[in-house]
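Containing mmCIF, C-alpha atoms: my_file-v3.cif.
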data_coords
loop_
_atom_site.group_PDB
_atom_site.id
_atom_site.type_symbol
_atom_site.label_atom_id
_atom_site.label_comp_id
_atom_site.auth_asym_id
_atom_site.auth_seq_id
_atom_site.Cartn_x
_atom_site.Cartn_y
_atom_site.Cartn_z
ATOM 1 C CA MET R 1 125.559 193.277 86.184
ATOM 2 C CA ILE R 2 126.405 196.033 83.716
ATOM 3 C CA GLU R 3 124.348 196.234 80.519
ATOM 4 C CA ILE R 4 125.678 197.172 77.092
ATOM 5 C CA ASP R 5 123.174 198.823 74.761
ATOM 6 C CA PHE R 6 123.551 197.177 71.361
ATOM 7 C CA LYS R 7 120.064 198.258 70.259
ATOM 8 C CA LYS R 8 120.781 201.949 69.618
ATOM 9 C CA GLY R 9 123.235 201.069 66.822
ATOM 10 C CA ASP R 10 121.170 198.253 65.263
ATOM 11 C CA GLY R 11 123.159 195.515 66.993
ATOM 12 C CA LEU R 12 126.522 197.264 66.739
ATOM 13 C CA ILE R 13 128.441 199.309 69.272
ATOM 14 C CA PRO R 14 131.355 201.644 68.437
ATOM 15 C CA VAL R 15 134.603 200.711 70.190
ATOM 16 C CA ILE R 16 137.475 203.166 70.648
ATOM 17 C CA ILE R 17 140.903 201.543 70.818
ATOM 18 C CA GLN R 18 143.524 203.426 72.804
ATOM 19 C CA ASP R 19 147.150 202.434 73.358
ATOM 20 C CA ALA R 20 147.438 201.581 77.081
ATOM 21 C CA SER R 21 150.986 202.965 77.370
ATOM 22 C CA THR R 22 151.139 205.950 75.004
ATOM 23 C CA HIS R 23 147.405 206.888 75.336
ATOM 24 C CA GLU R 24 147.318 207.429 71.568
ATOM 25 C CA VAL R 25 143.903 206.722 70.024
ATOM 26 C CA LEU R 26 144.635 203.950 67.521
ATOM 27 C CA MET R 27 141.333 203.239 65.783
ATOM 28 C CA LEU R 28 137.581 202.909 66.057
ATOM 29 C CA GLY R 29 135.860 199.621 65.255
ATOM 30 C CA TYR R 30 132.403 198.113 65.741
ATOM 31 C CA MET R 31 131.423 195.069 67.773
ATOM 32 C CA ASN R 32 128.278 192.979 67.722
ATOM 33 C CA GLY R 33 127.361 190.722 70.638
ATOM 34 C CA GLU R 34 129.393 187.805 69.278
ATOM 35 C CA SER R 35 132.634 189.758 68.753
ATOM 36 C CA TRP R 36 132.209 191.321 72.209
ATOM 37 C CA GLU R 37 131.935 187.861 73.795
ATOM 38 C CA GLU R 38 134.930 186.682 71.757
ATOM 39 C CA THR R 39 136.947 189.706 72.918
ATOM 40 C CA LEU R 40 136.142 188.950 76.572
ATOM 41 C CA GLU R 41 137.051 185.286 76.143
ATOM 42 C CA THR R 42 140.288 185.648 74.180
ATOM 43 C CA LYS R 43 141.403 189.042 75.590
ATOM 44 C CA LYS R 44 142.160 190.024 71.984
ATOM 45 C CA ALA R 45 140.094 192.718 70.266
ATOM 46 C CA SER R 46 137.609 191.238 67.820
ATOM 47 C CA PHE R 47 135.264 193.339 65.670
ATOM 48 C CA TRP R 48 132.367 193.175 63.242
ATOM 49 C CA SER R 49 133.461 194.286 59.789
ATOM 50 C CA ARG R 50 130.682 196.400 58.258
ATOM 51 C CA SER R 51 132.203 196.176 54.781
ATOM 52 C CA ARG R 52 132.873 192.424 54.829
ATOM 53 C CA GLN R 53 129.879 191.620 57.067
ATOM 54 C CA LYS R 54 131.775 189.187 59.244
ATOM 55 C CA ILE R 55 133.632 188.830 62.544
ATOM 56 C CA TRP R 56 137.193 189.970 62.286
ATOM 57 C CA VAL R 57 139.957 189.352 64.828
ATOM 58 C CA LYS R 58 142.252 192.389 64.656
ATOM 59 C CA GLY R 59 145.691 191.045 63.712
ATOM 60 C CA GLU R 60 144.521 187.725 62.238
ATOM 61 C CA THR R 61 146.420 188.436 58.981
ATOM 62 C CA SER R 62 149.164 190.834 60.115
ATOM 63 C CA GLY R 63 149.849 189.282 63.517
ATOM 64 C CA HIS R 64 149.292 192.742 64.999
ATOM 65 C CA PHE R 65 146.815 191.635 67.666
ATOM 66 C CA GLN R 66 145.463 194.001 70.310
ATOM 67 C CA GLU R 67 145.806 192.567 73.815
ATOM 68 C CA VAL R 68 142.993 194.026 75.896
ATOM 69 C CA LYS R 69 144.223 195.505 79.180
ATOM 70 C CA GLU R 70 141.233 197.562 80.397
ATOM 71 C CA ILE R 71 137.623 198.014 79.279
ATOM 72 C CA TYR R 72 135.462 201.073 79.925
ATOM 73 C CA LEU R 73 131.791 201.665 79.143
ATOM 74 C CA ASP R 74 130.422 205.185 78.676
ATOM 75 C CA CYS R 75 127.646 206.837 80.687
ATOM 76 C CA ASP R 76 124.943 205.839 78.156
ATOM 77 C CA GLY R 77 126.141 202.240 77.928
ATOM 78 C CA ASP R 78 126.403 202.482 74.142
ATOM 79 C CA THR R 79 130.130 203.005 73.504
ATOM 80 C CA LEU R 80 133.217 201.092 74.643
ATOM 81 C CA LEU R 81 136.783 202.224 75.226
ATOM 82 C CA LEU R 82 139.449 199.516 75.222
ATOM 83 C CA LYS R 83 142.979 200.167 76.395
ATOM 84 C CA VAL R 84 145.237 197.735 74.595
ATOM 85 C CA ASN R 85 148.766 196.569 74.116
ATOM 86 C CA GLN R 86 149.225 196.940 70.348
ATOM 87 C CA ILE R 87 151.379 194.032 69.160
ATOM 88 C CA GLY R 88 153.789 195.154 66.414
ATOM 89 C CA GLY R 89 153.277 198.802 67.384
ATOM 90 C CA ALA R 90 150.885 199.645 64.541
ATOM 91 C CA ALA R 91 147.093 199.440 64.361
ATOM 92 C CA CYS R 92 146.431 200.777 60.867
ATOM 93 C CA HIS R 93 146.344 198.534 57.785
ATOM 94 C CA THR R 94 148.296 201.263 55.969
ATOM 95 C CA GLY R 95 151.280 200.656 58.280
ATOM 96 C CA PHE R 96 150.792 203.712 60.467
ATOM 97 C CA ARG R 97 150.746 203.450 64.248
ATOM 98 C CA SER R 98 147.262 204.978 64.381
ATOM 99 C CA CYS R 99 144.395 205.051 61.885
ATOM 100 C CA PHE R 100 144.125 208.768 62.737
ATOM 101 C CA HIS R 101 147.304 209.768 60.930
ATOM 102 C CA GLN R 102 145.739 212.448 58.736
ATOM 103 C CA GLN R 103 145.484 215.818 60.395
ATOM 104 C CA TYR R 104 142.704 217.986 59.001
ATOM 105 C CA GLU R 105 143.692 221.589 58.318
ATOM 106 C CA LYS R 106 141.645 224.026 56.252
ATOM 107 C CA GLY R 107 140.121 221.284 54.130
ATOM 108 C CA GLU R 108 143.406 219.482 53.529
ATOM 109 C CA GLY R 109 144.827 216.289 55.067
ATOM 110 C CA LYS R 110 148.399 216.369 56.347
ATOM 111 C CA VAL R 111 150.116 213.107 57.250
ATOM 112 C CA SER R 112 151.143 213.410 60.879
ATOM 113 C CA GLY R 113 151.737 209.887 62.168
ATOM 114 C CA GLU R 114 154.557 207.419 62.165
ATOM 115 C CA LYS R 115 154.743 204.608 59.595
ATOM 116 C CA ILE R 116 155.782 201.375 61.324
ATOM 117 C CA PHE R 117 155.505 198.751 58.572
ATOM 118 C CA ASP R 118 155.138 198.374 54.817
ATOM 119 C CA PRO R 119 151.650 196.980 54.092
ATOM 120 C CA LYS R 120 152.942 195.218 50.961
ATOM 121 C CA GLU R 121 155.255 193.110 53.095
ATOM 122 C CA VAL R 122 152.648 192.353 55.748
ATOM 123 C CA TYR R 123 149.568 191.721 53.596
ATOM 124 C CA GLY R 124 151.342 190.803 50.340
ATOM 125 C CA LYS R 125 149.372 193.413 48.416
ATOM 126 C CA MET J 1 140.671 218.532 49.467
ATOM 127 C CA ILE J 2 140.014 215.810 52.015
ATOM 128 C CA GLU J 3 136.649 214.031 51.906
ATOM 129 C CA ILE J 4 134.642 212.922 54.925
ATOM 130 C CA ASP J 5 132.402 209.912 54.371
ATOM 131 C CA PHE J 6 129.039 210.704 55.964
ATOM 132 C CA LYS J 7 127.253 208.083 53.821
ATOM 133 C CA LYS J 8 128.431 204.949 55.639
ATOM 134 C CA GLY J 9 126.670 206.007 58.848
ATOM 135 C CA ASP J 10 123.471 207.324 57.197
ATOM 136 C CA GLY J 11 124.571 210.946 57.358
ATOM 137 C CA LEU J 12 126.311 210.688 60.731
ATOM 138 C CA ILE J 13 129.981 210.230 61.584
ATOM 139 C CA PRO J 14 131.293 209.120 65.008
ATOM 140 C CA VAL J 15 133.613 211.659 66.634
ATOM 141 C CA ILE J 16 136.048 210.745 69.404
ATOM 142 C CA ILE J 17 136.826 213.591 71.804
ATOM 143 C CA GLN J 18 140.220 213.438 73.492
ATOM 144 C CA ASP J 19 141.649 215.895 76.031
ATOM 145 C CA ALA J 20 144.523 217.645 74.240
ATOM 146 C CA SER J 21 146.650 217.916 77.394
ATOM 147 C CA THR J 22 145.933 214.752 79.419
ATOM 148 C CA HIS J 23 145.178 212.526 76.363
ATOM 149 C CA GLU J 24 142.193 211.102 78.246
ATOM 150 C CA VAL J 25 139.335 209.997 75.973
ATOM 151 C CA LEU J 26 136.414 212.147 77.140
ATOM 152 C CA MET J 27 133.440 211.035 75.053
ATOM 153 C CA LEU J 28 132.132 209.902 71.686
ATOM 154 C CA GLY J 29 129.519 211.934 69.845
ATOM 155 C CA TYR J 30 128.028 212.027 66.351
ATOM 156 C CA MET J 31 128.151 214.817 63.796
ATOM 157 C CA ASN J 32 126.106 215.408 60.676
ATOM 158 C CA GLY J 33 127.302 217.741 57.929
ATOM 159 C CA GLU J 34 125.777 220.795 59.577
ATOM 160 C CA SER J 35 127.326 220.245 63.045
ATOM 161 C CA TRP J 36 130.679 219.517 61.368
ATOM 162 C CA GLU J 37 130.525 222.862 59.524
ATOM 163 C CA GLU J 38 129.487 224.597 62.738
ATOM 164 C CA THR J 39 132.414 223.004 64.612
ATOM 165 C CA LEU J 40 134.861 224.238 61.956
ATOM 166 C CA GLU J 41 133.402 227.723 62.045
ATOM 167 C CA THR J 42 133.121 228.223 65.810
ATOM 168 C CA LYS J 43 136.060 225.986 66.881
ATOM 169 C CA LYS J 44 133.718 224.557 69.515
ATOM 170 C CA ALA J 45 132.559 220.929 69.273
ATOM 171 C CA SER J 46 128.994 220.670 68.033
ATOM 172 C CA PHE J 47 127.145 217.366 67.627
ATOM 173 C CA TRP J 48 123.976 215.775 66.365
ATOM 174 C CA SER J 49 121.931 214.382 69.228
ATOM 175 C CA ARG J 50 120.451 211.045 68.148
ATOM 176 C CA SER J 51 118.012 210.989 71.068
ATOM 177 C CA ARG J 52 116.807 214.612 70.704
ATOM 178 C CA GLN J 53 117.222 214.668 66.893
ATOM 179 C CA LYS J 54 118.813 218.096 66.834
ATOM 180 C CA ILE J 55 122.116 219.944 66.698
ATOM 181 C CA TRP J 56 123.703 220.278 70.088
ATOM 182 C CA VAL J 57 126.627 222.541 71.011
ATOM 183 C CA LYS J 58 128.539 220.740 73.746
ATOM 184 C CA GLY J 59 128.502 223.056 76.775
ATOM 185 C CA GLU J 60 125.514 225.201 75.701
ATOM 186 C CA THR J 61 123.789 224.508 79.052
ATOM 187 C CA SER J 62 126.702 223.766 81.384
ATOM 188 C CA GLY J 63 129.207 226.222 79.906
ATOM 189 C CA HIS J 64 131.599 223.285 79.547
ATOM 190 C CA PHE J 65 132.466 223.934 75.914
ATOM 191 C CA GLN J 66 135.122 221.944 74.058
ATOM 192 C CA GLU J 67 137.620 224.204 72.281
ATOM 193 C CA VAL J 68 138.895 222.299 69.255
ATOM 194 C CA LYS J 69 142.683 222.251 69.049
ATOM 195 C CA GLU J 70 143.401 219.546 66.447
ATOM 196 C CA ILE J 71 141.288 217.449 64.078
ATOM 197 C CA TYR J 72 142.229 214.042 62.686
ATOM 198 C CA LEU J 73 140.435 211.880 60.134
ATOM 199 C CA ASP J 74 140.908 208.115 60.075
ATOM 200 C CA CYS J 75 142.225 206.033 57.157
ATOM 201 C CA ASP J 76 138.706 205.231 55.882
ATOM 202 C CA GLY J 77 137.520 208.833 56.136
ATOM 203 C CA ASP J 78 134.550 207.791 58.266
ATOM 204 C CA THR J 79 135.619 208.660 61.831
ATOM 205 C CA LEU J 80 136.968 211.856 63.383
ATOM 206 C CA LEU J 81 139.250 212.404 66.362
ATOM 207 C CA LEU J 82 139.171 215.870 67.945
ATOM 208 C CA LYS J 83 141.745 216.973 70.486
ATOM 209 C CA VAL J 84 140.111 219.592 72.679
ATOM 210 C CA ASN J 85 140.557 221.916 75.592
ATOM 211 C CA GLN J 86 137.718 220.857 77.910
ATOM 212 C CA ILE J 87 136.375 223.993 79.590
ATOM 213 C CA GLY J 88 135.427 223.285 83.212
ATOM 214 C CA GLY J 89 137.494 220.084 83.199
ATOM 215 C CA ALA J 90 134.552 217.710 82.783
ATOM 216 C CA ALA J 91 132.892 216.345 79.639
ATOM 217 C CA CYS J 92 130.255 214.047 81.112
ATOM 218 C CA HIS J 93 126.753 215.260 82.004
ATOM 219 C CA THR J 94 127.041 213.158 85.208
ATOM 220 C CA GLY J 95 129.857 215.450 86.419
ATOM 221 C CA PHE J 96 132.722 213.076 85.684
ATOM 222 C CA ARG J 97 135.764 214.208 83.750
ATOM 223 C CA SER J 98 135.180 211.501 81.120
ATOM 224 C CA CYS J 99 132.035 209.702 79.964
ATOM 225 C CA PHE J 100 134.128 206.512 80.211
ATOM 226 C CA HIS J 101 134.196 206.445 84.015
ATOM 227 C CA GLN J 102 132.838 202.917 84.415
ATOM 228 C CA GLN J 103 135.475 200.229 84.192
ATOM 229 C CA TYR J 104 134.114 196.871 83.078
ATOM 230 C CA GLU J 105 135.330 193.908 85.107
ATOM 231 C CA LYS J 106 133.794 190.422 84.997
ATOM 232 C CA GLY J 107 130.355 191.722 84.097
ATOM 233 C CA GLU J 108 130.391 194.500 86.693
ATOM 234 C CA GLY J 109 130.945 198.234 86.367
ATOM 235 C CA LYS J 110 133.371 199.891 88.760
ATOM 236 C CA VAL J 111 133.496 203.696 88.969
ATOM 237 C CA SER J 112 137.037 204.707 88.125
ATOM 238 C CA GLY J 113 136.944 208.373 87.137
ATOM 239 C CA GLU J 114 137.020 211.681 88.897
ATOM 240 C CA LYS J 115 133.823 213.634 89.624
ATOM 241 C CA ILE J 116 134.371 217.328 88.882
ATOM 242 C CA PHE J 117 130.923 218.869 89.366
ATOM 243 C CA ASP J 118 127.486 218.150 90.783
ATOM 244 C CA PRO J 119 125.025 217.828 87.869
ATOM 245 C CA LYS J 120 122.186 219.151 90.055
ATOM 246 C CA GLU J 121 124.021 222.448 90.457
ATOM 247 C CA VAL J 122 124.969 222.715 86.800
ATOM 248 C CA TYR J 123 121.765 221.547 85.101
ATOM 249 C CA GLY J 124 119.362 222.281 87.965
ATOM 250 C CA LYS J 125 117.991 218.721 87.876
#
Show the structure stored in the file as structure tokens.
Amino acid sequence: MIEIDFKKGDGLIPVIIQDASTHEVLMLGYMNGESWEETLETKKASFWSRSRQKIWVKGETSGHFQEVKEIYLDCDGDTLLLKVNQIGGAACHTGFRSCFHQQYEKGEGKVSGEKIFDPKEVYGK
Amino acid sequence: MIEIDFKKGDGLIPVIIQDASTHEVLMLGYMNGESWEETLETKKASFWSRSRQKIWVKGETSGHFQEVKEIYLDCDGDTLLLKVNQIGGAACHTGFRSCFHQQYEKGEGKVSGEKIFDPKEVYGK
């Protein structure tokens, strides 16, 4: 039995989401024990929202679910890496494929990713 | 000027390290303001060790430095993604290429990565 260390992060574990086909890193979220169990059960990535303080199924509003293909645990047992099939092709709430769409160069941010959808149309705001 | 949010994580920001050529996710570390500045200055990944409570230049003992090629900031400004050239080919202190070398399957961990070096030879322990 493999053990996940939720204690180090006060009940939360950081989870890296990587596109299983393109290998692009899409986002980083946090899971508590409950969202981890839910992810295993449903095979859809589910997180703990630190700002809203509640469980959050990625894609519940947008329909852009993340189908979990493979799960990896790091050497310390305190970080997860999930390889997913990103439904709709975009993980970021801003409409970009990846949340990491700002490249940092000499103190400035340069948009470098691909915009897949218009957030106004998807979230109505 | 782009702003990094160190406040949300009590002065620390999670940093995903990805191999710039293979796109493999190698590890996740944490930076505080000082290790971030040091990383920018030296172009070598430098972290804050939560267990040892000190700045830690990745590779200072093993020689397996991480040369920073590209830096990305996520949409919330609270997570970094660094694409690196991994000197020596391995990021994990256990000798594996990636820290994420345990695949999680039905509660069990299955070794799935490639072992590049013998930690006893590199760290002498």
Nearest residue to Ile2 of chain R out of J:Lys58, J:His64, J:His101, J:Lys110, using only C-alpha atoms? J:Lys110
What lies within 10 Å of Ile4 of chain J using all atoms listed in the file, ignoring chain neighbours under 3 positions off, as a list in words? Met1, Lys7, Ile13, Gly33, Leu73, Asp74, Asp76, Gly77, Asp78, Thr79 and Leu80 of chain J
The PyMOL selection byres ((chain J) within 7 of (chain R)) - which residues does that actually catch in the file I just gave you? List them as a PyMOL selection string. chain J and resi 1-2+23+71-75+99-104+107-109
Starting from the displayed file, determine the output of the PyMOL selection byres ((chain R and resi 85) around 6) and express the residue list as number ranges by chain. R: 20, 66-67, 84, 86
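As for atom CA of Lys69 of chain J and atom CA of Lys69 of chain R, they are spaced 28.6 Å apart.
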Could you tell me which residues the PyMOL selection byres ((chain R and resi 116-120) around 6) grabs in this file, written as a list in words?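 Given this file, the PyMOL selection byres ((chain R and resi 116-120) around 6) evaluates to Thr94, Gly95, Phe96, Lys115, Glu121, Val122, Tyr123, Gly124 and Lys125 of chain R.
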Write the selection just made, keeping C-alpha atoms, as a PDB file, in the frame of the given file?
ATOM      1  CA  THR R  94     148.296 201.263  55.969  1.00  0.00           C
ATOM      2  CA  GLY R  95     151.280 200.656  58.280  1.00  0.00           C
ATOM      3  CA  PHE R  96     150.792 203.712  60.467  1.00  0.00           C
ATOM      4  CA  LYS R 115     154.743 204.608  59.595  1.00  0.00           C
ATOM      5  CA  GLU R 121     155.255 193.110  53.095  1.00  0.00           C
ATOM      6  CA  VAL R 122     152.648 192.353  55.748  1.00  0.00           C
ATOM      7  CA  TYR R 123     149.568 191.721  53.596  1.00  0.00           C
ATOM      8  CA  GLY R 124     151.342 190.803  50.340  1.00  0.00           C
ATOM      9  CA  LYS R 125     149.372 193.413  48.416  1.00  0.00           C
TER      10      LYS R 125
END
Rounded to one decimal in Å, what is the spacing between atom CA of Thr42 of chain J and atom CA of Ile17 of chain R?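 Rounded to one decimal, the two atoms are 28.2 Å apart.
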Least-squares superposed chain R, target chain J, every Cα, as an mmCIF file with C-alpha atoms, in the coordinates of the input:
data_model
loop_
_atom_site.group_PDB
_atom_site.id
_atom_site.type_symbol
_atom_site.label_atom_id
_atom_site.label_comp_id
_atom_site.auth_asym_id
_atom_site.auth_seq_id
_atom_site.Cartn_x
_atom_site.Cartn_y
_atom_site.Cartn_z
ATOM 1 C CA MET R 1 140.678 218.528 49.439
ATOM 2 C CA ILE R 2 140.019 215.826 52.021
ATOM 3 C CA GLU R 3 136.649 214.059 51.910
ATOM 4 C CA ILE R 4 134.647 212.928 54.927
ATOM 5 C CA ASP R 5 132.409 209.909 54.368
ATOM 6 C CA PHE R 6 129.049 210.694 55.948
ATOM 7 C CA LYS R 7 127.247 208.088 53.826
ATOM 8 C CA LYS R 8 128.442 204.948 55.633
ATOM 9 C CA GLY R 9 126.669 206.025 58.844
ATOM 10 C CA ASP R 10 123.472 207.323 57.195
ATOM 11 C CA GLY R 11 124.582 210.955 57.354
ATOM 12 C CA LEU R 12 126.323 210.678 60.720
ATOM 13 C CA ILE R 13 129.975 210.240 61.584
ATOM 14 C CA PRO R 14 131.293 209.126 64.999
ATOM 15 C CA VAL R 15 133.610 211.664 66.638
ATOM 16 C CA ILE R 16 136.043 210.739 69.414
ATOM 17 C CA ILE R 17 136.826 213.577 71.812
ATOM 18 C CA GLN R 18 140.220 213.429 73.492
ATOM 19 C CA ASP R 19 141.649 215.879 76.020
ATOM 20 C CA ALA R 20 144.539 217.649 74.235
ATOM 21 C CA SER R 21 146.659 217.900 77.401
ATOM 22 C CA THR R 22 145.917 214.745 79.408
ATOM 23 C CA HIS R 23 145.168 212.514 76.344
ATOM 24 C CA GLU R 24 142.192 211.089 78.244
ATOM 25 C CA VAL R 25 139.339 209.988 75.966
ATOM 26 C CA LEU R 26 136.416 212.128 77.134
ATOM 27 C CA MET R 27 133.440 211.029 75.045
ATOM 28 C CA LEU R 28 132.133 209.899 71.686
ATOM 29 C CA GLY R 29 129.512 211.935 69.841
ATOM 30 C CA TYR R 30 128.026 212.017 66.342
ATOM 31 C CA MET R 31 128.155 214.816 63.791
ATOM 32 C CA ASN R 32 126.105 215.407 60.675
ATOM 33 C CA GLY R 33 127.311 217.747 57.935
ATOM 34 C CA GLU R 34 125.776 220.808 59.597
ATOM 35 C CA SER R 35 127.325 220.236 63.043
ATOM 36 C CA TRP R 36 130.681 219.519 61.374
ATOM 37 C CA GLU R 37 130.536 222.858 59.532
ATOM 38 C CA GLU R 38 129.483 224.597 62.754
ATOM 39 C CA THR R 39 132.411 222.999 64.608
ATOM 40 C CA LEU R 40 134.872 224.233 61.963
ATOM 41 C CA GLU R 41 133.400 227.734 62.049
ATOM 42 C CA THR R 42 133.111 228.223 65.809
ATOM 43 C CA LYS R 43 136.056 226.000 66.875
ATOM 44 C CA LYS R 44 133.707 224.559 69.510
ATOM 45 C CA ALA R 45 132.561 220.939 69.270
ATOM 46 C CA SER R 46 128.994 220.673 68.026
ATOM 47 C CA PHE R 47 127.146 217.362 67.620
ATOM 48 C CA TRP R 48 123.961 215.772 66.340
ATOM 49 C CA SER R 49 121.917 214.387 69.214
ATOM 50 C CA ARG R 50 120.431 211.043 68.145
ATOM 51 C CA SER R 51 117.998 211.004 71.066
ATOM 52 C CA ARG R 52 116.802 214.604 70.697
ATOM 53 C CA GLN R 53 117.237 214.670 66.899
ATOM 54 C CA LYS R 54 118.807 218.103 66.835
ATOM 55 C CA ILE R 55 122.127 219.953 66.691
ATOM 56 C CA TRP R 56 123.697 220.293 70.077
ATOM 57 C CA VAL R 57 126.618 222.551 71.001
ATOM 58 C CA LYS R 58 128.538 220.730 73.743
ATOM 59 C CA GLY R 59 128.502 223.055 76.762
ATOM 60 C CA GLU R 60 125.512 225.175 75.700
ATOM 61 C CA THR R 61 123.776 224.511 79.056
ATOM 62 C CA SER R 62 126.706 223.750 81.381
ATOM 63 C CA GLY R 63 129.198 226.218 79.916
ATOM 64 C CA HIS R 64 131.603 223.291 79.561
ATOM 65 C CA PHE R 65 132.471 223.934 75.913
ATOM 66 C CA GLN R 66 135.119 221.942 74.059
ATOM 67 C CA GLU R 67 137.616 224.195 72.285
ATOM 68 C CA VAL R 68 138.885 222.291 69.263
ATOM 69 C CA LYS R 69 142.684 222.262 69.045
ATOM 70 C CA GLU R 70 143.400 219.549 66.441
ATOM 71 C CA ILE R 71 141.289 217.447 64.072
ATOM 72 C CA TYR R 72 142.234 214.037 62.684
ATOM 73 C CA LEU R 73 140.438 211.868 60.133
ATOM 74 C CA ASP R 74 140.929 208.095 60.065
ATOM 75 C CA CYS R 75 142.229 206.017 57.155
ATOM 76 C CA ASP R 76 138.700 205.218 55.886
ATOM 77 C CA GLY R 77 137.530 208.825 56.131
ATOM 78 C CA ASP R 78 134.551 207.799 58.261
ATOM 79 C CA THR R 79 135.621 208.660 61.823
ATOM 80 C CA LEU R 80 136.973 211.853 63.391
ATOM 81 C CA LEU R 81 139.247 212.406 66.368
ATOM 82 C CA LEU R 82 139.169 215.860 67.949
ATOM 83 C CA LYS R 83 141.733 216.967 70.491
ATOM 84 C CA VAL R 84 140.106 219.581 72.676
ATOM 85 C CA ASN R 85 140.564 221.897 75.586
ATOM 86 C CA GLN R 86 137.726 220.840 77.903
ATOM 87 C CA ILE R 87 136.384 223.982 79.586
ATOM 88 C CA GLY R 88 135.430 223.281 83.220
ATOM 89 C CA GLY R 89 137.498 220.081 83.199
ATOM 90 C CA ALA R 90 134.553 217.699 82.788
ATOM 91 C CA ALA R 91 132.900 216.333 79.649
ATOM 92 C CA CYS R 92 130.254 214.042 81.126
ATOM 93 C CA HIS R 93 126.749 215.249 82.018
ATOM 94 C CA THR R 94 127.041 213.167 85.202
ATOM 95 C CA GLY R 95 129.855 215.447 86.426
ATOM 96 C CA PHE R 96 132.717 213.075 85.686
ATOM 97 C CA ARG R 97 135.764 214.203 83.735
ATOM 98 C CA SER R 98 135.176 211.501 81.120
ATOM 99 C CA CYS R 99 132.039 209.696 79.955
ATOM 100 C CA PHE R 100 134.126 206.503 80.211
ATOM 101 C CA HIS R 101 134.199 206.441 84.001
ATOM 102 C CA GLN R 102 132.837 202.917 84.410
ATOM 103 C CA GLN R 103 135.468 200.232 84.200
ATOM 104 C CA TYR R 104 134.117 196.872 83.076
ATOM 105 C CA GLU R 105 135.344 193.908 85.109
ATOM 106 C CA LYS R 106 133.811 190.439 84.993
ATOM 107 C CA GLY R 107 130.375 191.750 84.090
ATOM 108 C CA GLU R 108 130.387 194.503 86.702
ATOM 109 C CA GLY R 109 130.943 198.266 86.369
ATOM 110 C CA LYS R 110 133.386 199.921 88.756
ATOM 111 C CA VAL R 111 133.492 203.709 88.964
ATOM 112 C CA SER R 112 137.039 204.725 88.123
ATOM 113 C CA GLY R 113 136.945 208.393 87.139
ATOM 114 C CA GLU R 114 137.020 211.696 88.907
ATOM 115 C CA LYS R 115 133.822 213.638 89.640
ATOM 116 C CA ILE R 116 134.378 217.331 88.884
ATOM 117 C CA PHE R 117 130.927 218.880 89.363
ATOM 118 C CA ASP R 118 127.493 218.161 90.801
ATOM 119 C CA PRO R 119 125.026 217.837 87.896
ATOM 120 C CA LYS R 120 122.188 219.153 90.084
ATOM 121 C CA GLU R 121 124.007 222.453 90.469
ATOM 122 C CA VAL R 122 124.953 222.731 86.803
ATOM 123 C CA TYR R 123 121.745 221.549 85.122
ATOM 124 C CA GLY R 124 119.317 222.278 87.979
ATOM 125 C CA LYS R 125 118.001 218.721 87.900
#
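The coordinates place atom CA of Lys44 of chain R at 13.4 Å from atom CA of Asp19 of chain R.
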Contacts of Asn32 of chain R within 9 Å, all atoms listed in the file, excl. fewer than 6 positions in-chain, as a list in words: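 Near Asn32 of chain R, the qualifying residues are Phe6, Gly11, Leu12, Ile13, Phe47, Trp48 and Ile55 of chain R.
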For Tyr30 of chain J, the nearest of the candidates J:Gly63, J:Ser49, J:Glu114, J:Val68, counting all atoms listed in the file: J:Ser49
Counting only C-alpha atoms, the residue of J:Asp5, J:Glu41, J:Glu60, J:Met31 that sits nearest Ile87 of chain J: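 Among J:Asp5, J:Glu41, J:Glu60, J:Met31, it is J:Glu60 that comes nearest to Ile87 of chain J.
Between Ala91 of chain R and the residues R:Lys43, R:Gly113, R:Glu37, R:Phe65, the shortest atom-to-atom distance, using only C-alpha atoms, involves R:Phe65.
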